[in-house]
Amino acid sequence: MPITTHKLIQWKQEGRTIVALTAWDYAIAQLLDSAGVDLILVGDSMAVVLGYENTLPVTLEEIIHHAKAVRRGVSRALMVVDLPFLTYQESIQQAMHSAGRVLKETGAQAVKLEGGYPQMLEIIARLVQAGIPVMGHVGLTPQSVHQLGLRQQGKTDTDAQRILQEAIALEQAGVFSLVLEHIPADLALQITQKLSIPTIGIGAGKDCDGQILVTSDVLGLSARQPPFAKVYTNLRQTITKAVEDYGMEVREGKFPES
């Protein structure tokens with residue numbers, strides 16, 4: 001049975017941990033789906049595989065293009081798509097247009113927006129009222145890299161209280177789930193206990209209702225790893241060795257054999 005947003009909320013109530021990863025193409029999406037990943041995010045973190053320095057250059061057209069490929073590889077997992085930088089912040093109308101295109105053109109079940117400030121809460125509430133499921137995102141928000149950097153957020157009492165209040169307000173605005181990125185574990189626990197919707201942590205400790213990482217980090221494909229990621233294999237090394245072996249056999253006349 002395909003996983004729905006309501007299923008994730010039910011799993012929080014049951015204490016079942018949610019497994020989430022990112023995907024950027026059909027092959028990776030199919031592997032993640034068949035391996036039992038619950039939520040697949042077509043994130044603007046695909047900037048890494050597109051060769052961008054950060055997430056800001058990713059366009060709506062690019063994320064729709066990749067999300068279409070991911071959709072073809074997913075049959076079970078809930079599929080969520082990031083709205084890229086400046087495709088939803090300007091107005092409710094802009095956000096509605098961008099989110100509507102994503103759902104209509106890719107077949108995704110939900111979109112993810114960063115931030116919990118008052119204007120964003122209004123935008124999210126209107127999207128939800130229009131029938132568009134929204135996942136929220138607080139803490140370290142990569143689209144604010146030039147303002148916040150990539151450092152851990154919520155370390156002072158003032159910042160922690162602000163993030164907590166944003167999380168509560170986002171639930172009230174109608175988000176079905178909330179990503180908590182790079183915040184102290186005790187703050188993530190407090191938020192998780194306060195909310196009736198599931199929290200998905202990334203660098204936010206073990207007490208969130210689920211965990212997400214960027215798949216290229218998990219597979220050892222990224223040139224640089226964030227401090228909270230765990231590398232489960234080293235595909236950069238494996239792929240490099242395979243290509244070197246292929247090149248050697250071609251140059252030495254060993255492949256093809258005839």
# chains A, B, ... in the order shown; residues from 1 in each chain; ligands from 1
call {"tool": "closest_atom_pairs", "arguments": {"of": "range 152-256 of chain A", "to": "range 77-83 of chain A", "cutoff": "12 Å", "atoms": "only C-alpha atoms", "output": "JSON lines"}}
result
{"residue": "A:Phe176", "atom": "CA", "partner": "A:Val80", "partner_atom": "CA", "distance": 11.4}
{"residue": "A:Ser177", "atom": "CA", "partner": "A:Val80", "partner_atom": "CA", "distance": 10.9}
{"residue": "A:Val179", "atom": "CA", "partner": "A:Asp82", "partner_atom": "CA", "distance": 11.7}
call {"tool": "write_last_selection", "arguments": {"atoms": "C-alpha atoms", "output": "PDB file, in the first residue's frame"}}
result
ATOM      1  CA  PHE A 176       1.605  17.277   8.122  1.00  0.00           C
ATOM      2  CA  SER A 177       5.235  16.852   9.164  1.00  0.00           C
ATOM      3  CA  VAL A 179      11.929  18.657   9.225  1.00  0.00           C
TER       4      VAL A 179
END
call {"tool": "select_by_dssp", "arguments": {"residues": "range 81-116 of chain A", "states": "strand (DSSP E)", "output": "PyMOL selection string"}}
result
chain A and resi 81-82+110-112
call {"tool": "closest_residue", "arguments": {"among": "A:Glu90, A:Val111, A:Thr233, A:Arg16", "to": "Thr215 in chain A", "atoms": "only C-alpha atoms"}}
result
A:Thr233
call {"tool": "closest_atom_pairs", "arguments": {"of": "range 90-133 of chain A", "to": "range 157-163 of chain A", "cutoff": "12 Å", "atoms": "only C-alpha atoms", "output": "JSON lines"}}
result
{"residue": "A:Gly115", "atom": "CA", "partner": "A:Ile163", "partner_atom": "CA", "distance": 9.5}
{"residue": "A:Gly116", "atom": "CA", "partner": "A:Ile163", "partner_atom": "CA", "distance": 8.1}
{"residue": "A:Tyr117", "atom": "CA", "partner": "A:Arg162", "partner_atom": "CA", "distance": 9.6}
call {"tool": "residues_around", "arguments": {"residues": "Pro133 in chain A", "least_positions_apart": "6", "cutoff": "8 Å", "atoms": "only C-alpha atoms", "output": "PyMOL selection string"}}
result
chain A and resi 5+109-111+127+175-176
call {"tool": "decode", "arguments": {"residues": "range 160-183 of chain A", "atoms": "N, CA and C atoms", "output": "short mmCIF file (atom, residue, chain, number, x, y, z; two decimals), in the first residue's frame"}}
result
data_model
loop_
_atom_site.label_atom_id
_atom_site.label_comp_id
_atom_site.auth_asym_id
_atom_site.auth_seq_id
_atom_site.Cartn_x
_atom_site.Cartn_y
_atom_site.Cartn_z
N ALA A 160 16.37 29.05 20.53
CA ALA A 160 15.64 27.80 20.77
C ALA A 160 14.15 28.07 20.95
N GLN A 161 13.83 29.12 21.69
CA GLN A 161 12.42 29.46 21.91
C GLN A 161 11.75 29.88 20.61
N ARG A 162 12.48 30.61 19.78
CA ARG A 162 11.93 31.03 18.48
C ARG A 162 11.63 29.82 17.61
N ILE A 163 12.55 28.87 17.55
CA ILE A 163 12.35 27.68 16.72
C ILE A 163 11.19 26.84 17.25
N LEU A 164 11.09 26.73 18.57
CA LEU A 164 9.97 25.99 19.17
C LEU A 164 8.65 26.64 18.80
N GLN A 165 8.57 27.95 18.89
CA GLN A 165 7.32 28.65 18.56
C GLN A 165 6.99 28.53 17.08
N GLU A 166 8.02 28.58 16.22
CA GLU A 166 7.80 28.39 14.79
C GLU A 166 7.24 27.00 14.52
N ALA A 167 7.77 25.98 15.20
CA ALA A 167 7.29 24.61 15.01
C ALA A 167 5.83 24.48 15.39
N ILE A 168 5.47 25.06 16.53
CA ILE A 168 4.07 25.01 16.98
C ILE A 168 3.16 25.74 15.99
N ALA A 169 3.63 26.89 15.52
CA ALA A 169 2.82 27.68 14.58
C ALA A 169 2.67 26.96 13.24
N LEU A 170 3.69 26.25 12.82
CA LEU A 170 3.61 25.50 11.56
C LEU A 170 2.59 24.37 11.65
N GLU A 171 2.56 23.69 12.79
CA GLU A 171 1.52 22.67 12.97
C GLU A 171 0.14 23.30 12.90
N GLN A 172 -0.03 24.43 13.54
CA GLN A 172 -1.32 25.12 13.52
C GLN A 172 -1.68 25.58 12.11
N ALA A 173 -0.66 25.90 11.30
CA ALA A 173 -0.90 26.32 9.91
C ALA A 173 -1.30 25.15 9.02
N GLY A 174 -1.03 23.91 9.49
CA GLY A 174 -1.52 22.75 8.76
C GLY A 174 -0.49 21.81 8.17
N VAL A 175 0.81 22.01 8.48
CA VAL A 175 1.79 21.08 7.92
C VAL A 175 1.55 19.67 8.49
N PHE A 176 1.84 18.65 7.68
CA PHE A 176 1.60 17.28 8.12
C PHE A 176 2.84 16.68 8.77
N SER A 177 3.98 17.33 8.61
CA SER A 177 5.24 16.85 9.16
C SER A 177 6.22 18.01 9.17
N LEU A 178 7.31 17.85 9.93
CA LEU A 178 8.24 18.96 10.09
C LEU A 178 9.68 18.45 10.12
N VAL A 179 10.50 18.96 9.21
CA VAL A 179 11.93 18.66 9.23
C VAL A 179 12.61 19.56 10.25
N LEU A 180 13.41 18.95 11.12
CA LEU A 180 14.21 19.68 12.10
C LEU A 180 15.67 19.48 11.71
N GLU A 181 16.32 20.55 11.22
CA GLU A 181 17.68 20.39 10.72
C GLU A 181 18.70 21.09 11.60
N HIS A 182 19.72 20.33 11.99
CA HIS A 182 20.92 20.81 12.68
C HIS A 182 20.58 21.72 13.86
N ILE A 183 19.80 21.16 14.79
CA ILE A 183 19.49 21.85 16.04
C ILE A 183 19.88 20.93 17.20
#
